[in-house]
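Data block for upload07.cif (mmCIF, C-alpha atoms):
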data_upload
loop_
_atom_site.label_atom_id
_atom_site.label_comp_id
_atom_site.auth_asym_id
_atom_site.auth_seq_id
_atom_site.Cartn_x
_atom_site.Cartn_y
_atom_site.Cartn_z
CA MET A 301 -134.50 -57.13 -134.98
CA THR A 302 -132.55 -54.07 -135.97
CA LYS A 303 -132.77 -52.28 -139.28
CA THR A 304 -129.28 -53.55 -140.15
CA ASP A 305 -130.58 -57.14 -140.12
CA LEU A 306 -132.67 -56.36 -143.20
CA THR A 307 -131.80 -55.49 -146.78
CA HIS A 308 -132.45 -51.99 -148.13
CA GLU A 309 -135.97 -52.71 -149.40
CA GLU A 310 -136.83 -54.47 -146.16
CA ALA A 311 -135.89 -51.61 -143.82
CA VAL A 312 -139.34 -51.21 -142.34
CA ASP A 313 -140.83 -52.76 -139.25
CA PRO A 314 -143.69 -55.21 -139.70
CA TRP A 315 -146.96 -53.42 -139.98
CA LEU A 316 -149.00 -54.19 -136.90
CA LEU A 317 -152.74 -54.00 -137.16
CA PHE A 318 -154.63 -54.24 -133.87
CA VAL A 319 -158.31 -55.14 -133.90
CA GLU A 320 -159.53 -54.39 -130.40
CA GLN A 321 -162.32 -52.56 -128.60
CA GLN A 322 -160.05 -50.78 -126.11
CA PRO A 323 -156.50 -49.75 -127.05
CA ARG A 324 -154.84 -51.80 -124.28
CA TRP A 325 -152.74 -53.98 -126.56
CA SER A 326 -151.77 -51.30 -129.05
CA ALA A 327 -150.82 -48.89 -126.25
CA ALA A 328 -148.64 -51.49 -124.53
CA THR A 329 -147.00 -52.37 -127.84
CA ARG A 330 -146.25 -48.71 -128.59
CA VAL A 331 -144.54 -48.47 -125.19
CA GLU A 332 -142.50 -51.58 -125.96
CA LEU A 333 -141.54 -50.23 -129.38
CA ARG A 334 -140.26 -47.04 -127.73
CA ARG A 335 -138.40 -49.08 -125.11
CA GLN A 336 -136.68 -51.03 -127.91
CA GLY A 337 -135.82 -47.81 -129.73
CA ARG A 338 -137.93 -48.64 -132.76
CA ASP A 339 -139.27 -45.19 -133.54
CA THR A 340 -140.35 -45.89 -137.13
CA ALA A 341 -142.66 -48.81 -136.42
CA ILE A 342 -146.22 -48.37 -137.60
CA THR A 343 -149.11 -49.51 -135.46
CA ARG A 344 -152.75 -49.02 -136.32
CA LEU A 345 -155.96 -49.45 -134.43
CA VAL A 346 -158.91 -50.61 -136.49
CA THR A 347 -162.40 -51.30 -135.24
CA ARG A 348 -163.91 -54.69 -135.86
CA GLN A 349 -166.33 -53.27 -138.40
CA THR A 350 -163.56 -51.84 -140.61
CA CYS A 351 -161.14 -54.77 -140.38
CA PRO A 352 -162.63 -56.99 -143.14
CA ARG A 353 -162.95 -54.01 -145.48
CA MET A 354 -159.38 -52.89 -144.74
CA LEU A 355 -158.00 -56.38 -145.36
CA SER A 356 -159.83 -56.58 -148.70
CA LEU A 357 -158.07 -53.35 -149.75
CA TRP A 358 -154.67 -54.38 -148.42
CA THR A 359 -151.95 -54.31 -151.08
CA ILE A 360 -149.82 -57.35 -150.60
CA ASP A 361 -146.37 -55.80 -150.88
CA GLN A 362 -145.28 -55.81 -147.25
CA PRO A 363 -145.83 -58.00 -144.20
CA LEU A 364 -148.80 -57.50 -141.94
CA LEU A 365 -149.26 -58.91 -138.47
CA LEU A 366 -152.92 -58.86 -137.51
CA ALA A 367 -153.46 -58.92 -133.74
CA ILE A 368 -157.08 -59.72 -132.92
CA ASP A 369 -158.54 -59.27 -129.44
CA ILE A 370 -160.92 -62.18 -128.84
CA THR A 371 -163.85 -61.68 -126.49
CA LYS A 372 -167.13 -63.51 -125.86
CA GLN A 373 -168.90 -60.99 -128.10
CA ASN A 374 -166.67 -61.48 -131.16
CA LEU A 375 -165.50 -65.07 -130.78
CA THR A 376 -166.86 -66.45 -134.06
CA GLU A 377 -166.00 -63.34 -136.10
CA ALA A 378 -162.45 -63.20 -134.73
CA LEU A 379 -161.78 -66.87 -135.49
CA HIS A 380 -163.07 -66.32 -139.06
CA GLN A 381 -160.76 -63.32 -139.47
CA ILE A 382 -157.79 -65.37 -138.27
CA ALA A 383 -158.69 -68.22 -140.63
CA GLY A 384 -158.98 -65.80 -143.57
CA VAL A 385 -155.46 -64.52 -143.02
CA ARG A 386 -154.01 -68.00 -143.63
CA GLU A 387 -154.74 -67.63 -147.34
CA MET A 388 -152.40 -64.62 -147.67
CA PRO A 389 -148.68 -65.51 -147.43
CA LEU A 390 -147.49 -62.07 -146.27
CA LEU A 391 -150.10 -61.85 -143.52
CA ALA A 392 -150.06 -63.53 -140.14
CA ALA A 393 -152.45 -63.35 -137.22
CA VAL A 394 -152.07 -63.61 -133.48
CA ALA A 395 -154.88 -64.00 -130.97
CA LEU A 396 -155.13 -61.65 -128.00
CA VAL A 397 -157.16 -63.50 -125.39
CA PRO A 398 -157.78 -61.99 -121.96
CA PRO A 399 -158.03 -65.02 -119.62
CA GLN A 400 -160.33 -63.20 -117.17
CA GLU A 401 -163.01 -63.13 -119.88
CA PHE A 402 -163.33 -66.92 -120.00
CA ALA A 403 -163.57 -69.78 -117.52
CA ALA A 404 -160.39 -71.86 -117.24
CA GLU A 405 -161.76 -74.80 -119.28
CA SER A 406 -163.16 -72.67 -122.08
CA PHE A 407 -160.00 -70.52 -122.10
CA GLN A 408 -157.87 -73.54 -123.01
CA LEU A 409 -160.38 -74.56 -125.70
CA LEU A 410 -160.33 -71.03 -127.08
CA ARG A 411 -156.52 -70.99 -127.28
CA SER A 412 -156.67 -74.30 -129.17
CA ALA A 413 -159.39 -72.98 -131.48
CA ALA A 414 -157.34 -69.85 -132.27
CA GLN A 415 -154.29 -71.95 -133.11
CA GLU A 416 -156.42 -74.29 -135.20
CA ALA A 417 -157.80 -71.29 -137.10
CA GLY A 418 -154.23 -70.28 -137.91
CA ALA A 419 -153.04 -67.94 -135.18
CA ALA A 420 -149.25 -67.85 -135.06
CA ALA A 421 -149.46 -67.37 -131.29
CA THR A 422 -151.92 -66.63 -128.51
CA PHE A 423 -151.18 -63.87 -126.02
CA THR A 424 -152.96 -63.35 -122.73
CA SER A 425 -151.60 -60.03 -121.46
CA PRO A 426 -150.47 -56.70 -122.91
CA ARG A 427 -147.30 -57.31 -120.89
CA GLN A 428 -146.38 -59.81 -123.61
CA SER A 429 -145.80 -57.03 -126.16
CA ALA A 430 -142.12 -57.91 -126.54
CA GLU A 431 -143.06 -61.48 -127.49
CA LEU A 432 -145.72 -60.16 -129.87
CA LEU A 433 -143.09 -57.98 -131.57
CA ALA A 434 -140.72 -60.97 -131.79
CA ILE A 435 -143.42 -62.94 -133.64
CA GLY A 436 -143.92 -59.93 -135.92
CA ASP A 437 -140.19 -59.74 -136.63
CA ARG A 438 -140.00 -63.44 -137.46
CA HIS A 439 -143.02 -63.14 -139.71
CA ALA A 440 -141.53 -60.07 -141.44
CA ARG A 441 -138.22 -61.85 -142.14
CA HIS A 442 -140.07 -64.82 -143.62
CA ALA A 443 -142.38 -62.61 -145.69
CA TRP A 444 -139.47 -60.55 -147.07
CA ARG A 445 -137.76 -63.80 -148.12
CA LEU A 446 -140.93 -64.84 -149.94
CA LEU A 447 -141.05 -61.47 -151.69
CA ALA A 448 -137.36 -61.61 -152.59
CA GLU A 449 -137.87 -64.97 -154.28
CA GLN A 450 -140.53 -63.41 -156.51
CA ILE A 451 -138.31 -60.49 -157.63
CA PRO A 452 -135.85 -61.24 -160.46
CA LEU A 453 -132.17 -61.07 -159.51
CA HIS A 454 -131.42 -58.03 -161.70
CA GLU A 455 -134.25 -56.10 -160.00
CA ARG A 456 -132.98 -57.00 -156.52
CA VAL A 457 -129.49 -55.79 -157.45
CA TRP A 458 -130.90 -52.57 -158.91
CA ARG A 459 -132.86 -51.82 -155.73
CA ARG A 460 -129.70 -52.09 -153.63
CA LEU A 461 -127.67 -49.63 -155.72
CA PRO A 462 -127.12 -46.30 -153.98
CA TRP A 463 -128.49 -44.34 -156.95
CA GLN A 464 -131.65 -46.42 -157.33
CA SER A 465 -133.88 -43.35 -157.22
CA ALA A 466 -132.28 -41.96 -160.39
CA ALA A 467 -134.03 -42.42 -163.71
CA ARG A 468 -133.73 -45.95 -164.99
CA ALA A 469 -132.83 -46.88 -168.56
CA ILE A 470 -135.36 -49.14 -170.26
CA GLY A 471 -134.10 -52.18 -172.07
#
Let me see the structure of the file written as structure tokens.
Amino acid sequence: MTKTDLTHEEAVDPWLLFVEQQPRWSAATRVELRRQGRDTAITRLVTRQTCPRMLSLWTIDQPLLLAIDITKQNLTEALHQIAGVREMPLLAAVALVPPQEFAAESFQLLRSAAQEAGAAATFTSPRQSAELLAIGDRHARHAWRLLAEQIPLHERVWRRLPWQSAARAIG
């Protein structure tokens, strides 16, 4: 998605929040963002302990794609975090599941559990960063449409005017 595909107030990339122990996924995604020429994208790395607190402080005025690395140690907590995101329309979650961490049978069950909890997708390798960004772009477009429906027409027109930063008359 290029910036020209979005309206003026939407000209930001989806905010990507990675919850992982090691920065494998966020590093691969930063490389992919550079490869795509998306220099203004924001990625963050948050530890598992700060994720719930950060989400409780999140101001719901822009899309957020939460990418959660699921391991044996955080399985229950990660699925709860994914399920909690479903209640917020501008937030979406994806599961990052390294297949080498689980046996083949339990890996398939885990993918199903993540999708049941509400994960928009399940990724198995940092090499899938382009697909992860595509999910983020789709989520961002949908979220911006939801936001646009909540803003009155006169406000949407005002925001698109070239002099929108000038003082605004009241009334």
* Asked: What is the distance between CA of Thr424 (chain A) and CA of Thr376 (chain A), in Å to one decimal?
  -> 18.2 Å
* To do: Determine the nearest neighbour of Leu365 (chain A) from the options A:Ala448, A:Val397, A:Ile435, A:Ala430, counting only C-alpha atoms.
  =>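 When distances to Leu365 (chain A) are compared using only C-alpha atoms, the smallest one comes from A:Ile435.
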* To do: Identify which of the residues A:Arg338, A:Leu447, A:Trp463, A:Leu366 lies closest to Ala421 (chain A), counting only C-alpha atoms when measuring atom-to-atom distances.
  => A:Leu366
* Work out how far CA of Leu391 (chain A) is from CA of Pro363 (chain A), in Å to one decimal. =>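 Going from CA of Pro363 (chain A) over to CA of Leu391 (chain A) covers 5.8 Å.
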* Evaluate the PyMOL selection byres ((chain A and resi 427) around 10) and report residues as a PyMOL selection string -> chain A and resi 324-325+328-329+332+423-426+428-432
* To do: Enumerate, as a PyMOL selection string, the residues matched when the PyMOL selection byres ((chain A and resi 385) around 10) is run on the file above.
  => chain A and resi 355+364-366+380-384+386-393+417-419
* To do: Kindly give the distance, in Å, that separates CA of Val394 (chain A) and CA of Gly436 (chain A), rounded to a single decimal.
  =>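 Separation of CA of Val394 (chain A) and CA of Gly436 (chain A): 9.3 Å.
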* Asked: Leaving out Leu396 (chain A) and any residue of its chain fewer than 4 positions from it, which residues lie within 7 Å of it when counting all atoms listed in the file, given as a list in words?
  -> Ala367, Ile368, Asp369, Ile370, Thr422, Phe423 and Thr424 of chain A
Given 4 Å on each side, where is the centre and what are the edge lengths in Å to one decimal of the axis-aligned box enclosing the listed atoms of region 369-377 of chain A, as AutoDock Vina command-line options?
--center_x -163.7 --center_y -62.9 --center_z -131.0 --size_x 18.4 --size_y 15.2 --size_z 18.2
* Which of these residues is nearest to Ala413 (chain A), using all atoms listed in the file: A:Trp444, A:Leu316, A:Leu433, A:Ala378? ->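 Selected residue with least distance to Ala413 (chain A): A:Ala378.
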